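Source file my_file_3.cif; content: mmCIF, C-alpha atoms.
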data_work
#
loop_
_atom_site.label_atom_id
_atom_site.label_comp_id
_atom_site.auth_asym_id
_atom_site.auth_seq_id
_atom_site.Cartn_x
_atom_site.Cartn_y
_atom_site.Cartn_z
CA MET A 19 19.13 14.99 2.70
CA GLY A 20 19.98 12.26 0.20
CA GLU A 21 22.85 11.31 -2.06
CA GLU A 22 23.38 13.11 -5.34
CA ALA A 23 24.07 11.63 -8.77
CA GLY A 24 24.35 14.38 -11.33
CA ASP A 25 21.28 16.58 -10.94
CA ARG A 26 19.23 13.81 -9.30
CA LYS A 27 19.07 13.15 -5.57
CA PHE A 28 18.43 9.74 -4.03
CA TYR A 29 17.60 8.18 -0.67
CA THR A 30 18.99 4.70 0.02
CA VAL A 31 16.74 2.16 1.76
CA GLN A 32 16.86 -1.46 2.87
CA VAL A 33 13.85 -3.68 2.17
CA ALA A 34 14.28 -6.96 4.03
CA GLY A 35 18.00 -7.02 3.20
CA VAL A 36 17.66 -5.66 -0.35
CA THR A 37 19.16 -2.22 -1.03
CA ARG A 38 17.50 0.30 -3.34
CA ARG A 39 18.28 3.93 -4.20
CA LEU A 40 14.98 5.79 -4.37
CA PRO A 41 14.80 8.97 -6.44
CA LEU A 42 13.70 12.08 -4.56
CA PHE A 43 10.76 13.96 -6.05
CA GLU A 44 9.68 17.49 -5.12
CA VAL A 45 5.97 17.43 -4.18
CA ALA A 46 5.81 21.06 -3.04
CA PRO A 47 8.32 23.92 -2.99
CA GLY A 48 11.18 22.78 -0.73
CA VAL A 49 9.48 19.45 0.11
CA SER A 50 10.59 16.16 -1.43
CA ILE A 51 9.72 12.50 -0.92
CA ALA A 52 11.53 9.30 -1.88
CA ILE A 53 9.62 7.47 -4.63
CA PHE A 54 9.20 3.75 -3.91
CA ASN A 55 7.79 1.74 -6.81
CA MET A 56 8.05 -2.02 -6.51
CA LEU A 57 6.25 -2.79 -9.77
CA GLY A 58 8.54 -5.04 -11.77
CA ASP A 59 11.06 -5.35 -8.92
CA THR A 60 10.65 -9.06 -8.17
CA GLU A 61 13.58 -9.14 -5.73
CA VAL A 62 12.04 -6.41 -3.54
CA VAL A 63 8.51 -7.86 -3.76
CA GLU A 64 9.67 -11.35 -2.77
CA ALA A 65 11.92 -10.12 0.06
CA ALA A 66 9.20 -7.81 1.44
CA ALA A 67 6.54 -10.53 1.27
CA SER A 68 8.75 -13.06 3.06
CA GLU A 69 9.48 -10.63 5.88
CA LEU A 70 5.94 -9.25 6.21
CA ALA A 71 4.39 -12.74 6.21
CA LYS A 72 6.36 -13.51 9.41
CA ARG A 73 4.87 -10.46 11.13
CA LEU A 74 1.21 -10.76 10.10
CA PRO A 75 -1.55 -12.61 11.98
CA SER A 76 -1.63 -16.22 10.85
CA ASP A 77 -5.37 -16.54 11.49
CA ALA A 78 -6.45 -13.97 8.86
CA ASP A 79 -8.79 -15.05 6.09
CA VAL A 80 -8.02 -12.62 3.27
CA LEU A 81 -5.76 -9.76 2.16
CA LEU A 82 -7.16 -6.52 0.70
CA THR A 83 -4.94 -4.22 -1.37
CA PRO A 84 -5.55 -1.16 -3.54
CA GLU A 85 -4.62 -1.27 -7.18
CA VAL A 86 -1.93 -0.92 -8.64
CA LYS A 87 1.54 -0.84 -7.10
CA SER A 88 0.87 -3.15 -4.15
CA ILE A 89 -0.81 -5.96 -6.12
CA PRO A 90 2.43 -7.95 -6.60
CA LEU A 91 3.05 -7.74 -2.85
CA ALA A 92 -0.48 -8.97 -2.05
CA HIS A 93 -0.04 -11.84 -4.48
CA ALA A 94 3.29 -12.88 -2.96
CA LEU A 95 1.82 -12.63 0.57
CA SER A 96 -1.19 -14.67 -0.55
CA VAL A 97 1.10 -17.47 -1.73
CA ARG A 98 3.12 -17.44 1.51
CA MET A 99 0.12 -17.21 3.84
CA GLY A 100 -2.18 -19.56 1.93
CA ILE A 101 -5.06 -17.06 1.83
CA PRO A 102 -6.71 -15.21 -1.07
CA TYR A 103 -6.27 -11.54 -1.87
CA VAL A 104 -8.80 -9.02 -3.11
CA VAL A 105 -8.05 -5.82 -5.03
CA ALA A 106 -9.84 -2.58 -4.20
CA ARG A 107 -10.25 -1.08 -7.66
CA LYS A 108 -9.90 2.63 -8.46
CA ILE A 109 -12.19 2.45 -11.49
CA ARG A 110 -15.49 0.61 -11.69
CA LYS A 111 -15.47 -1.78 -14.64
CA PRO A 112 -18.73 -2.65 -16.46
CA TYR A 113 -18.48 -6.32 -15.43
CA MET A 114 -18.44 -5.41 -11.72
CA VAL A 115 -21.93 -6.00 -10.31
CA ASN A 116 -23.26 -5.40 -6.79
CA SER A 117 -20.09 -3.44 -6.02
CA LEU A 118 -19.41 -1.40 -2.91
CA SER A 119 -17.68 1.97 -3.17
CA VAL A 120 -16.14 4.55 -0.85
CA GLU A 121 -14.60 7.93 -1.59
CA VAL A 122 -11.18 8.99 -0.31
CA LEU A 123 -8.94 11.98 -0.96
CA SER A 124 -6.00 10.99 -3.14
CA ILE A 125 -2.64 12.31 -1.90
CA THR A 126 -1.26 11.94 -5.44
CA THR A 127 -3.87 14.10 -7.17
CA GLY A 128 -5.36 16.03 -4.25
CA LYS A 129 -8.79 15.09 -5.59
CA PRO A 130 -11.47 12.68 -4.39
CA GLN A 131 -10.91 9.10 -5.50
CA THR A 132 -13.33 6.19 -5.33
CA LEU A 133 -12.32 2.70 -4.23
CA TRP A 134 -14.50 -0.17 -5.45
CA LEU A 135 -15.00 -3.69 -4.10
CA ASP A 136 -16.35 -5.94 -6.85
CA GLY A 137 -19.50 -7.84 -5.88
CA LYS A 138 -17.78 -11.13 -6.78
CA ASP A 139 -15.23 -10.42 -4.02
CA ARG A 140 -17.73 -9.53 -1.28
CA PRO A 141 -18.04 -13.13 -0.03
CA LEU A 142 -14.25 -13.21 0.46
CA VAL A 143 -14.54 -10.25 2.87
CA GLU A 144 -17.98 -10.68 4.48
CA GLY A 145 -17.61 -12.11 7.99
CA LYS A 146 -13.87 -12.52 7.44
CA ARG A 147 -10.69 -11.38 9.19
CA VAL A 148 -8.95 -9.02 6.75
CA ILE A 149 -5.38 -7.73 6.49
CA LEU A 150 -4.98 -4.44 4.61
CA VAL A 151 -1.82 -4.33 2.46
CA ASP A 152 -0.25 -1.31 0.74
CA ASP A 153 3.17 -0.35 -0.56
CA VAL A 154 3.54 2.99 1.28
CA VAL A 155 1.28 4.53 3.93
CA SER A 156 1.61 8.30 3.71
CA THR A 157 -1.57 10.16 4.61
CA GLY A 158 -3.62 7.09 5.48
CA SER A 159 -6.46 8.00 3.10
CA THR A 160 -6.23 4.73 1.16
CA LEU A 161 -6.16 2.74 4.41
CA GLN A 162 -9.21 4.67 5.59
CA GLY A 163 -11.02 3.85 2.35
CA MET A 164 -10.13 0.16 2.59
CA ARG A 165 -11.29 0.08 6.23
CA LYS A 166 -14.64 1.51 5.11
CA LEU A 167 -14.94 -1.07 2.32
CA VAL A 168 -14.25 -3.90 4.77
CA ALA A 169 -16.82 -2.53 7.24
CA GLU A 170 -19.46 -2.12 4.51
CA ALA A 171 -18.79 -5.67 3.33
CA GLY A 172 -19.19 -6.99 6.89
CA GLY A 173 -15.57 -7.96 7.49
CA THR A 174 -13.13 -7.12 10.31
CA VAL A 175 -9.71 -5.54 9.81
CA VAL A 176 -7.21 -7.46 11.94
CA ALA A 177 -3.97 -5.87 10.68
CA GLU A 178 -2.59 -3.18 8.39
CA ALA A 179 0.70 -3.73 6.59
CA ALA A 180 3.00 -1.82 4.24
CA VAL A 181 6.55 -1.95 3.03
CA PHE A 182 7.07 1.64 4.25
CA THR A 183 5.33 4.30 6.27
CA GLU A 184 6.08 7.89 5.30
CA GLY A 185 6.00 11.29 6.96
CA GLU A 186 6.03 11.63 10.73
CA GLU A 187 7.74 8.51 12.04
CA ASP A 188 5.29 7.90 14.90
CA ALA A 189 2.14 8.65 12.83
CA TRP A 190 1.47 4.98 12.03
CA PRO A 191 2.02 2.94 15.21
CA ASN A 192 -0.50 0.27 14.16
CA VAL A 193 0.87 -0.33 10.67
CA ILE A 194 3.17 -3.34 10.39
CA ALA A 195 5.93 -1.92 8.17
CA LEU A 196 9.45 -2.88 7.14
CA GLY A 197 10.76 0.67 7.19
CA HIS A 198 10.04 4.38 7.20
CA LEU A 199 10.54 7.07 4.56
CA PRO A 200 11.12 10.60 5.83
CA VAL A 201 9.81 13.72 4.13
CA PHE A 202 12.73 15.92 3.09
CA LYS A 203 12.37 19.67 3.74
CA GLN A 204 14.88 22.26 2.59
CA GLY A 205 15.76 25.16 4.79
#
Encoded form using C-alpha cells:
Amino acid sequence: MGEEAGDRKFYTVQVAGVTRRLPLFEVAPGVSIAIFNMLGDTEVVEAAASELAKRLPSDADVLLTPEVKSIPLAHALSVRMGIPYVVARKIRKPYMVNSLSVEVLSITTGKPQTLWLDGKDRPLVEGKRVILVDDVVSTGSTLQGMRKLVAEAGGTVVAEAAVFTEGEEDAWPNVIALGHLPVFKQG
C-alpha cells in the first residue's frame, strides 16, 4: 500500500520533479485515498503549472477552475499562458448578477453541489476556447459541471487538465495529467 510513519500511512508522488508524501485517508471501510492538497505549496504549484503549460493547447482563450484548491494552479497557468482564468464558485455571492449555475454530485460530501459562473465572467467564456483545470479528477463530477457551465455560457471546452487523476488508471484518457493516484483497498 503506502509507507508507514507511526500510525499514519503515506503514498509518495512526483509532481514535475517535486517529491511529496501524501497522507492516506480512509474514505470507506478498507478503502483509502492519498490526499493531495497544493494550497500553500508554492513549489508544487509552480512546478505543476510549468509542466502542464507545455502540454496544453496554446490557442486557448481562457482557463476555468473550480474553487478552492486548484485556484493557485489556474493563476500560475494563466501567467505562463498569457490568458485569463475564471473561477467556478461553489457558493453564490450577493454581488454575482446574471450568474449561470449547474448542479453536480460532490464526491467529498455525497450531496448535490452547485457550481456558479458569475455574470461578470460570462464574456470571458462566451464564444471562447476553454481549458478546464482541476487539482485531482476522481469521479469527474466537477469536470462535468464545468463542461455544462461552459456550454451554457456559449464556450467550447478544448482541453481538460489536472495534476492527478485518481481511481481506475484508464478512466480519464482525455485528461491531461501529470500523474495518477491509485485507490488503496485492503484485503
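Coordinates place CA of Thr30 (chain A) at a distance of 14.3 Å from CA of Ser50 (chain A).
Applied to the shown file, the PyMOL selection byres ((chain A and resi 147) around 9) selects the residues A:Asp77, A:Ala78, A:Asp79, A:Val80, A:Leu81, A:Val143, A:Glu144, A:Gly145, A:Lys146, A:Val148, A:Ile149, A:Gly173, A:Thr174, A:Val175, A:Val176, A:Ala177.
Put simply, CA of Gln204 (chain A) is 6.6 Å away from CA of Val49 (chain A).
CA of Leu196 (chain A) lies 12.1 Å from CA of Glu178 (chain A).
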If we count only C-alpha atoms, what is near Pro90 (chain A) at a cut-off of 12 Å, once residues fewer than 6 positions away on the same chain are taken out, given as a PDB file with C-alpha atoms, in the frame of the given file?
ATOM      1  CA  ASN A  55       7.790   1.740  -6.810  1.00  0.00           C
ATOM      2  CA  MET A  56       8.050  -2.020  -6.510  1.00  0.00           C
ATOM      3  CA  LEU A  57       6.250  -2.790  -9.770  1.00  0.00           C
ATOM      4  CA  GLY A  58       8.540  -5.040 -11.770  1.00  0.00           C
ATOM      5  CA  ASP A  59      11.060  -5.350  -8.920  1.00  0.00           C
ATOM      6  CA  THR A  60      10.650  -9.060  -8.170  1.00  0.00           C
ATOM      7  CA  GLU A  61      13.580  -9.140  -5.730  1.00  0.00           C
ATOM      8  CA  VAL A  62      12.040  -6.410  -3.540  1.00  0.00           C
ATOM      9  CA  VAL A  63       8.510  -7.860  -3.760  1.00  0.00           C
ATOM     10  CA  GLU A  64       9.670 -11.350  -2.770  1.00  0.00           C
ATOM     11  CA  ALA A  65      11.920 -10.120   0.060  1.00  0.00           C
ATOM     12  CA  ALA A  66       9.200  -7.810   1.440  1.00  0.00           C
ATOM     13  CA  ALA A  67       6.540 -10.530   1.270  1.00  0.00           C
ATOM     14  CA  THR A  83      -4.940  -4.220  -1.370  1.00  0.00           C
ATOM     15  CA  PRO A  84      -5.550  -1.160  -3.540  1.00  0.00           C
ATOM     16  CA  SER A  96      -1.190 -14.670  -0.550  1.00  0.00           C
ATOM     17  CA  VAL A  97       1.100 -17.470  -1.730  1.00  0.00           C
ATOM     18  CA  TYR A 103      -6.270 -11.540  -1.870  1.00  0.00           C
ATOM     19  CA  VAL A 104      -8.800  -9.020  -3.110  1.00  0.00           C
ATOM     20  CA  VAL A 105      -8.050  -5.820  -5.030  1.00  0.00           C
ATOM     21  CA  VAL A 151      -1.820  -4.330   2.460  1.00  0.00           C
ATOM     22  CA  ASP A 152      -0.250  -1.310   0.740  1.00  0.00           C
ATOM     23  CA  ASP A 153       3.170  -0.350  -0.560  1.00  0.00           C
TER      24      ASP A 153
END
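Nearest residue to Met99 (chain A) among A:Leu70, A:Ala180, A:Ala34, A:Ile51 is A:Leu70, counting only C-alpha atoms.
Those DNA, RNA and protein residues that approach the point (-20.7, 5.9, 4.8) to within 9 Å, considering only C-alpha atoms, are Val120, Lys166 and Glu170 of chain A.
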Nearest to Leu82 (chain A), restricted to all atoms listed in the file and choosing among A:Phe182, A:Trp190, A:Phe202, A:Trp134, comes out as A:Trp134
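If you measure from each of A:Ser76, A:Leu123, A:Glu69, A:Asp188 to Thr157 (chain A) using all atoms listed in the file, the closest one turns out to be A:Leu123.
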Might you spell out which residues the PyMOL selection byres ((chain A and resi 155) around 12) would select in the displayed file, as a PyMOL selection string? chain A and resi 54+83-84+88+125+150-154+156-162+178-187+189-200
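If all atoms listed in the file are the atoms counted, then among A:Ala106, A:Leu118, A:Val201, A:Leu133 the closest residue to Tyr29 (chain A) is A:Val201.
The nearest approach to Pro112 (chain A) among the residues A:Leu95, A:Pro130, A:Gly100, A:Gly137, with all atoms listed in the file taken into account, belongs to A:Gly137.
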Contacts of Arg39 (chain A) at 10 Å (only C-alpha atoms; same-chain gap of 2+ positions) as a short mmCIF file (atom, residue, chain, number, x, y, z; two decimals) with C-alpha atoms, keeping the file's coordinate frame:
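Below you can see around.cif, which holds the result:
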data_model
loop_
_atom_site.label_atom_id
_atom_site.label_comp_id
_atom_site.auth_asym_id
_atom_site.auth_seq_id
_atom_site.Cartn_x
_atom_site.Cartn_y
_atom_site.Cartn_z
CA GLY A 20 19.98 12.26 0.20
CA GLU A 21 22.85 11.31 -2.06
CA LYS A 27 19.07 13.15 -5.57
CA PHE A 28 18.43 9.74 -4.03
CA TYR A 29 17.60 8.18 -0.67
CA THR A 30 18.99 4.70 0.02
CA VAL A 31 16.74 2.16 1.76
CA GLN A 32 16.86 -1.46 2.87
CA THR A 37 19.16 -2.22 -1.03
CA PRO A 41 14.80 8.97 -6.44
CA LEU A 42 13.70 12.08 -4.56
CA ALA A 52 11.53 9.30 -1.88
CA ILE A 53 9.62 7.47 -4.63
CA PHE A 54 9.20 3.75 -3.91
#
Find the residues around Lys138 (chain A) up to 10 Å (only C-alpha atoms counted), leave out those fewer than 3 positions away in its own chain, and share them as a PyMOL selection string. chain A and resi 104+113-117+135+141-142
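Distances from A:Arg107, A:His93, A:Lys203, A:Asp136 to Gly163 (chain A) were compared using only C-alpha atoms, and the smallest one belongs to A:Arg107.
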Centre and edge lengths of an axis-aligned box around all listed atoms of region 92-111 of chain A, with 5 Å added on each side, are to be given in Å to one decimal, as lines of an AutoDock Vina configuration file.
center_x = -6.1
center_y = -8.5
center_z = -5.4
size_x = 28.8
size_y = 32.2
size_z = 28.5
